[in-house]
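Engineer: My structure is stored as query25.cif, with mmCIF, C-alpha atoms.
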```cif
data_target
#
loop_
_atom_site.label_atom_id
_atom_site.label_comp_id
_atom_site.auth_asym_id
_atom_site.auth_seq_id
_atom_site.Cartn_x
_atom_site.Cartn_y
_atom_site.Cartn_z
CA MET A 1 116.56 66.38 91.39
CA LEU A 2 115.19 65.05 94.68
CA SER A 3 115.25 68.55 96.18
CA PHE A 4 113.45 69.89 93.11
CA ALA A 5 110.74 67.21 93.38
CA VAL A 6 110.20 67.79 97.11
CA ILE A 7 110.06 71.59 96.91
CA THR A 8 107.74 71.53 93.89
CA ALA A 9 105.31 69.19 95.64
CA ILE A 10 105.34 71.31 98.82
CA ALA A 11 104.80 74.54 96.86
CA ILE A 12 101.72 73.02 95.20
CA VAL A 13 100.41 71.76 98.55
CA GLU A 14 100.84 75.22 100.10
CA ALA A 15 99.16 76.94 97.16
CA VAL A 16 96.14 74.62 97.36
CA GLY A 17 96.07 74.84 101.16
CA GLY A 18 96.26 78.62 101.01
CA ILE A 19 93.29 78.81 98.64
CA LEU A 20 91.19 76.34 100.65
CA SER A 21 91.98 77.97 104.00
CA ASP A 22 91.55 81.46 102.50
CA SER A 23 94.95 82.50 103.88
CA ILE A 24 96.82 85.04 101.77
CA SER A 25 99.95 84.59 103.90
CA LEU A 26 100.03 80.88 103.02
CA VAL A 27 99.49 81.67 99.34
CA SER A 28 102.32 84.20 99.47
CA ASP A 29 104.54 81.61 101.16
CA ALA A 30 103.71 79.21 98.31
CA VAL A 31 104.75 81.91 95.85
CA HIS A 32 107.96 82.39 97.82
CA MET A 33 108.54 78.65 97.65
CA PHE A 34 108.15 78.77 93.89
CA THR A 35 111.26 80.99 93.92
CA ASP A 36 113.04 77.97 95.44
CA VAL A 37 111.60 75.78 92.69
CA MET A 38 112.97 78.23 90.15
CA ALA A 39 116.40 78.45 91.81
CA ILE A 40 116.84 74.69 92.03
CA GLY A 41 115.31 74.17 88.58
CA LEU A 42 117.75 76.66 87.04
CA SER A 43 120.64 74.86 88.71
CA LEU A 44 119.50 71.59 87.15
CA PHE A 45 118.96 73.35 83.84
CA ALA A 46 122.47 74.83 83.91
CA ILE A 47 124.02 71.43 84.64
CA THR A 48 122.05 69.82 81.80
CA MET A 49 122.89 72.55 79.31
CA ALA A 50 126.57 72.49 80.27
CA ALA A 51 126.71 68.84 79.23
CA ARG A 52 125.51 69.58 75.68
CA SER A 53 128.11 69.89 72.95
CA HIS A 54 129.22 73.28 71.62
CA SER A 55 128.76 72.90 67.92
CA GLY A 56 127.24 74.51 64.86
CA LEU A 57 125.92 78.02 65.39
CA MET A 58 125.80 77.65 69.22
CA THR A 59 129.53 78.07 69.80
CA PHE A 60 129.02 78.81 73.50
CA GLY A 61 126.52 75.99 73.88
CA TYR A 62 123.20 76.71 75.55
CA HIS A 63 124.46 78.28 78.77
CA ARG A 64 122.69 81.57 78.12
CA ALA A 65 119.33 79.76 78.08
CA GLU A 66 119.58 79.60 81.87
CA VAL A 67 119.91 83.38 82.08
CA MET A 68 116.99 83.97 79.72
CA VAL A 69 114.76 81.64 81.73
CA ALA A 70 115.84 83.38 84.94
CA LEU A 71 114.90 86.77 83.49
CA ALA A 72 111.46 85.53 82.45
CA ASN A 73 110.88 83.99 85.89
CA GLY A 74 112.06 87.15 87.62
CA VAL A 75 109.52 89.24 85.72
CA ALA A 76 106.79 86.69 86.51
CA LEU A 77 107.67 86.75 90.23
CA ALA A 78 107.54 90.56 90.26
CA VAL A 79 104.02 90.49 88.78
CA ILE A 80 102.88 87.81 91.26
CA SER A 81 104.31 89.73 94.23
CA LEU A 82 102.33 92.81 93.14
CA TRP A 83 99.17 90.69 93.02
CA VAL A 84 99.85 89.34 96.53
CA LEU A 85 100.37 92.87 97.84
CA TYR A 86 97.11 94.00 96.25
CA GLU A 87 95.18 91.02 97.61
CA ALA A 88 96.69 91.53 101.07
CA PHE A 89 95.65 95.19 101.00
CA LEU A 90 92.06 94.18 100.17
CA ARG A 91 92.04 91.78 103.11
CA VAL A 92 93.30 94.45 105.48
CA MET A 93 90.38 96.59 104.40
CA SER A 94 87.93 93.68 104.50
CA PRO A 95 89.14 90.80 106.75
CA ARG A 96 88.05 87.26 105.93
CA THR A 97 87.51 84.13 108.00
CA ILE A 98 90.51 81.79 107.89
CA ASP A 99 90.58 78.03 108.44
CA ALA A 100 93.36 78.11 111.04
CA PRO A 101 93.72 74.29 111.53
CA LEU A 102 94.14 73.76 107.78
CA LEU A 103 96.55 76.68 107.66
CA LEU A 104 98.68 75.19 110.43
CA VAL A 105 98.75 71.69 108.90
CA THR A 106 99.69 72.99 105.46
CA ALA A 107 102.31 75.40 106.77
CA GLY A 108 103.75 72.59 108.92
CA ILE A 109 104.10 70.40 105.83
CA GLY A 110 105.80 73.32 104.08
CA LEU A 111 108.24 73.80 106.95
CA ALA A 112 109.08 70.08 106.99
CA GLY A 113 109.66 70.12 103.23
CA ASN A 114 111.97 73.12 103.50
CA LEU A 115 114.00 71.45 106.24
CA VAL A 116 114.37 68.30 104.14
CA VAL A 117 115.58 70.31 101.13
CA MET A 118 117.98 72.29 103.33
CA PHE A 119 119.48 69.00 104.50
CA LEU A 120 119.77 67.71 100.93
CA LEU A 121 121.44 70.87 99.59
CA LYS A 122 123.68 71.80 102.52
CA GLN A 123 126.44 69.30 101.75
CA TYR A 124 126.74 70.60 98.16
CA ALA A 125 126.22 74.33 98.81
CA GLY A 126 129.96 74.98 99.07
CA LYS A 127 130.74 73.24 95.78
CA SER A 128 128.48 75.14 93.37
CA ILE A 129 127.43 78.77 93.20
CA ASN A 130 124.08 77.67 91.76
CA ILE A 131 123.38 75.24 94.58
CA GLN A 132 124.55 77.80 97.15
CA SER A 133 122.05 80.29 95.76
CA ALA A 134 119.27 77.69 95.90
CA PHE A 135 120.23 76.81 99.49
CA ILE A 136 119.96 80.47 100.57
CA HIS A 137 116.52 80.68 98.92
CA VAL A 138 115.37 77.66 100.94
CA VAL A 139 116.69 79.16 104.19
CA TYR A 140 114.66 82.34 103.65
CA ASN A 141 111.60 80.33 102.74
CA THR A 142 111.96 78.28 105.92
CA ILE A 143 111.79 81.52 107.89
CA SER A 144 108.65 82.48 105.93
CA SER A 145 107.05 79.14 106.79
CA VAL A 146 107.75 79.73 110.47
CA ALA A 147 106.09 83.16 110.19
CA VAL A 148 102.99 81.57 108.60
CA ILE A 149 102.80 78.96 111.38
CA ILE A 150 102.94 81.72 114.00
CA THR A 151 100.15 83.45 112.10
CA GLY A 152 98.08 80.26 112.24
CA PHE A 153 98.50 79.98 116.01
CA ILE A 154 97.50 83.62 116.48
CA VAL A 155 94.37 83.19 114.37
CA LEU A 156 93.48 79.90 116.09
CA ASN A 157 93.84 81.25 119.63
CA THR A 158 92.66 84.85 119.25
CA GLY A 159 90.56 84.95 116.11
CA ILE A 160 92.51 88.01 114.90
CA THR A 161 92.83 87.55 111.14
CA ILE A 162 94.43 90.86 110.17
CA VAL A 163 97.83 89.39 111.02
CA ASP A 164 97.43 87.09 107.97
CA PRO A 165 97.62 89.85 105.32
CA LEU A 166 100.31 91.63 107.34
CA VAL A 167 102.53 88.55 107.13
CA ALA A 168 101.63 88.34 103.43
CA PHE A 169 102.98 91.89 102.99
CA LEU A 170 106.28 90.77 104.53
CA ILE A 171 106.61 87.64 102.39
CA ALA A 172 105.54 89.46 99.21
CA GLY A 173 108.27 91.99 99.94
CA LEU A 174 110.83 89.16 100.12
CA VAL A 175 109.52 87.76 96.82
CA ALA A 176 109.71 91.20 95.21
CA ARG A 177 113.27 91.61 96.47
CA SER A 178 114.25 88.23 95.01
CA ALA A 179 112.54 89.11 91.72
CA TYR A 180 114.42 92.41 91.52
CA ALA A 181 117.75 90.68 92.16
CA ILE A 182 117.02 88.02 89.53
CA VAL A 183 115.99 90.57 86.88
CA ARG A 184 118.94 92.85 87.68
CA ASN A 185 121.52 90.06 87.57
CA SER A 186 120.06 88.46 84.46
CA THR A 187 119.95 91.78 82.62
CA HIS A 188 123.53 92.54 83.66
CA ILE A 189 124.68 89.21 82.21
CA LEU A 190 122.73 89.64 78.97
CA LEU A 191 124.23 93.12 78.54
CA GLU A 192 127.72 91.58 78.84
CA GLY A 193 128.50 93.44 82.06
CA ALA A 194 131.59 92.45 84.03
CA PRO A 195 130.89 90.10 86.96
CA SER A 196 130.15 92.17 90.07
CA GLU A 197 132.43 90.03 92.24
CA LEU A 198 135.47 90.82 90.08
CA ASP A 199 137.49 94.04 90.12
CA MET A 200 138.47 94.82 86.53
CA ARG A 201 141.22 97.25 87.54
CA GLU A 202 142.71 94.66 89.89
CA ILE A 203 142.77 92.07 87.09
CA LEU A 204 144.41 94.59 84.76
CA ILE A 205 147.11 95.48 87.30
CA THR A 206 147.72 91.80 88.14
CA LEU A 207 148.32 90.93 84.49
CA LYS A 208 150.62 93.91 83.96
CA GLN A 209 152.74 92.89 86.93
CA LEU A 210 153.58 89.51 85.40
CA ASP A 211 157.16 89.22 84.20
CA GLY A 212 157.24 89.62 80.42
CA VAL A 213 154.02 91.62 80.12
CA VAL A 214 154.53 95.18 78.84
CA ASP A 215 150.90 96.29 78.73
CA VAL A 216 147.31 95.03 78.47
CA HIS A 217 144.50 96.62 76.49
CA ASP A 218 141.00 95.82 75.19
CA LEU A 219 140.40 93.70 78.28
CA HIS A 220 136.86 92.31 78.53
CA VAL A 221 135.35 90.05 81.18
CA TRP A 222 131.78 88.84 81.03
CA THR A 223 129.54 86.06 82.33
CA ILE A 224 128.28 83.39 79.99
CA SER A 225 126.13 81.73 82.65
CA SER A 226 126.11 81.36 86.43
CA GLY A 227 129.60 80.47 87.61
CA MET A 228 131.04 80.60 84.08
CA ASP A 229 133.06 83.75 83.36
CA ALA A 230 135.02 84.47 80.19
CA LEU A 231 137.86 86.89 79.42
CA SER A 232 139.38 88.28 76.26
CA GLY A 233 142.16 90.80 75.82
CA HIS A 234 145.33 91.90 74.10
CA VAL A 235 148.62 91.40 75.94
CA VAL A 236 151.65 93.37 74.76
CA VAL A 237 154.92 91.47 75.26
CA ARG A 238 158.58 92.05 74.58
CA ASP A 239 159.98 90.56 71.38
CA GLN A 240 160.76 86.96 72.26
CA MET A 241 160.77 83.39 71.04
CA LEU A 242 157.40 81.76 70.38
CA SER A 243 158.12 79.21 73.12
CA GLU A 244 158.59 82.01 75.66
CA SER A 245 155.28 83.57 74.63
CA SER A 246 153.63 80.19 75.12
CA LYS A 247 155.04 79.96 78.65
CA LEU A 248 153.79 83.47 79.43
CA LEU A 249 150.34 82.65 78.11
CA SER A 250 150.24 79.57 80.32
CA LYS A 251 151.25 81.70 83.31
CA ILE A 252 148.51 84.25 82.54
CA ASN A 253 145.86 81.54 82.33
CA THR A 254 147.06 79.98 85.59
CA VAL A 255 146.77 83.33 87.40
CA LEU A 256 143.30 83.99 85.97
CA THR A 257 142.12 80.53 87.00
CA GLU A 258 143.59 80.46 90.51
CA ARG A 259 142.86 84.05 91.56
CA TYR A 260 139.67 84.87 89.69
CA ASN A 261 138.19 81.50 88.66
CA ILE A 262 138.21 82.55 84.99
CA THR A 263 138.83 79.44 82.91
CA HIS A 264 137.56 80.50 79.48
CA THR A 265 140.06 82.97 77.99
CA THR A 266 140.95 84.34 74.57
CA ILE A 267 144.21 86.26 74.68
CA GLN A 268 145.95 87.95 71.75
CA MET A 269 149.72 88.32 72.18
CA GLU A 270 151.22 91.42 70.51
CA PRO A 271 154.92 92.35 70.12
CA GLU A 272 155.90 95.61 71.79
CA HIS A 273 157.46 97.25 68.72
CA LYS A 274 154.14 97.12 66.81
CA ILE A 275 152.14 98.96 69.49
CA SER A 276 151.98 102.74 69.27
CA PHE A 277 149.31 103.55 71.90
CA ARG A 278 150.18 105.12 75.23
CA ARG A 279 150.21 102.69 78.12
CA THR A 280 147.32 102.98 80.56
CA ILE A 281 149.37 102.28 83.68
CA ARG A 282 153.09 103.01 83.95
#
```
What do you get writing this file as structure tokens?

Structural biologist:
Amino acid sequence: MLSFAVITAIAIVEAVGGILSDSISLVSDAVHMFTDVMAIGLSLFAITMAARSHSGLMTFGYHRAEVMVALANGVALAVISLWVLYEAFLRVMSPRTIDAPLLLVTAGIGLAGNLVVMFLLKQYAGKSINIQSAFIHVVYNTISSVAVIITGFIVLNTGITIVDPLVAFLIAGLVARSAYAIVRNSTHILLEGAPSELDMREILITLKQLDGVVDVHDLHVWTISSGMDALSGHVVVRDQMLSESSKLLSKINTVLTERYNITHTTIQMEPEHKISFRRTIR
């Protein structure tokens, strides 16, 4: 929450400073910083939603709300990056006077804010995929702030202002890249695609190699929200006592948790003599 407050305040300061100094590179850096605001905000949102009870019609809770918000923000960032590119192009064609001292002060504040947030998030980056993503966003934005400061020094000492829109092109490209990744990942999740970091065939083979498993079919893995994957499938087993099936199910869940970090599973156990399909892997 502290990181979110700091980065939001700095993004607003940079946006205002960019408008007052007439620096498109500073405005684009503010836009880039808003991607950090979004990343950290979504992490907070996911934590808050995860704490809500799963009841009534929302049997999976409100985890998907994070993905929907991310998709909307990704589209918004793509539109804003196109505007920055257009504005930067106009300034290449018709350069404007830039208030270099104001640019340097504002960009310096932005750099300091990014460094503070990096320090706040670093110790938790290895514990949460959401926080790790936010930390990486802040690292890239720190680099952008350094580029804007260099731009300010060039304008202050040489009076060459064309470097300002050129840096804006670079930062807008980073924003567009982030927007594309956000939209792509969000759409993949909403379409129930398998997590990109998991190999479905490897999971299938791993399950089939467990003692007592004859075959696996109708295996599905999808992402409910960031860092929360679910699996469902049918496991064919030899005819055995119910207690033995329970032990096998426990073993399957242990493997899925330890190897693939899949903790939400729905597995249907089926006796071998009732299955007539041909096995997929012998």

Engineer: For each of A:Val92, A:Thr161, A:Arg64, A:Ala30, take the minimum atom-to-atom distance to Leu191 of chain A, counting only C-alpha atoms, then give the residue where this is smallest.

Structural biologist: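 Of A:Val92, A:Thr161, A:Arg64, A:Ala30, the one nearest Leu191 of chain A, counting only C-alpha atoms, is A:Arg64.
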
Engineer: Which value, in Å to one decimal, gives the distance between atom CA of Leu249 of chain A and atom CA of Ile189 of chain A?

Structural biologist: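 Between atom CA of Leu249 of chain A and atom CA of Ile189 of chain A the gap is 26.8 Å.
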
Engineer: Out of A:Thr106, A:Ser226, A:Ser145, A:Thr151, which residue has the shortest atom-to-atom distance to Leu166 of chain A when counting only C-alpha atoms?

Structural biologist: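 Of all the options, A:Thr151 lies closest to Leu166 of chain A.
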
Engineer: Report, in Å to a single decimal, how far apart atom CA of Leu82 of chain A and atom CA of Tyr140 of chain A are.

Structural biologist: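 Between these atoms lies a distance of 19.3 Å.
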
Engineer: Just give me the residues with any atom within 12 Å of (105.9, 80.2, 98.3), file coordinates, counting all atoms listed in the file, written as number ranges by chain.

Structural biologist: A: 7-18, 24-38, 77, 80-81, 84, 106-107, 110-111, 113-114, 137-138, 140-145, 148, 168, 171-172, 174-175

Engineer: Distance table requested - segment 226-251 of chain A against segment 212-222 of chain A, cut-off 9 Å, all atoms listed in the file: one row per qualifying residue with the closest atom pair and its distance in Å to one decimal, ordered by chain and rising residue number, as a tab-separated table.

Structural biologist:
```
residue	atom	partner	partner_atom	distance
A:Met228	CA	A:Trp222	CA	8.8
A:Asp229	CA	A:Trp222	CA	5.7
A:Ala230	CA	A:Trp222	CA	5.5
A:Leu231	CA	A:Val221	CA	4.4
A:Ser232	CA	A:His220	CA	5.3
A:Gly233	CA	A:Leu219	CA	4.2
A:His234	CA	A:His217	CA	5.4
A:Val235	CA	A:Val216	CA	4.6
A:Val236	CA	A:Asp215	CA	5.0
A:Val237	CA	A:Val213	CA	4.9
A:Arg238	CA	A:Gly212	CA	6.5
A:Ser245	CA	A:Gly212	CA	8.6
A:Leu248	CA	A:Gly212	CA	7.1
```

Engineer: When distances are computed from all atoms listed in the file, which of A:Ala88, A:Phe119, A:Ser94, A:Val67 shows the smallest separation from Val6 of chain A?

Structural biologist: A:Phe119

Engineer: Using all atoms listed in the file, pick whichever of A:Ile149, A:Met1, A:Leu204, A:Leu42 has the shortest atom-to-atom distance to Ile109 of chain A.

Structural biologist: A:Ile149

Engineer: Between atom CA of Glu258 of chain A and atom CA of Met49 of chain A, measure the distance and give it in Å to one decimal.

Structural biologist: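 Interatomic distance, atom CA of Glu258 of chain A to atom CA of Met49 of chain A: 24.8 Å.
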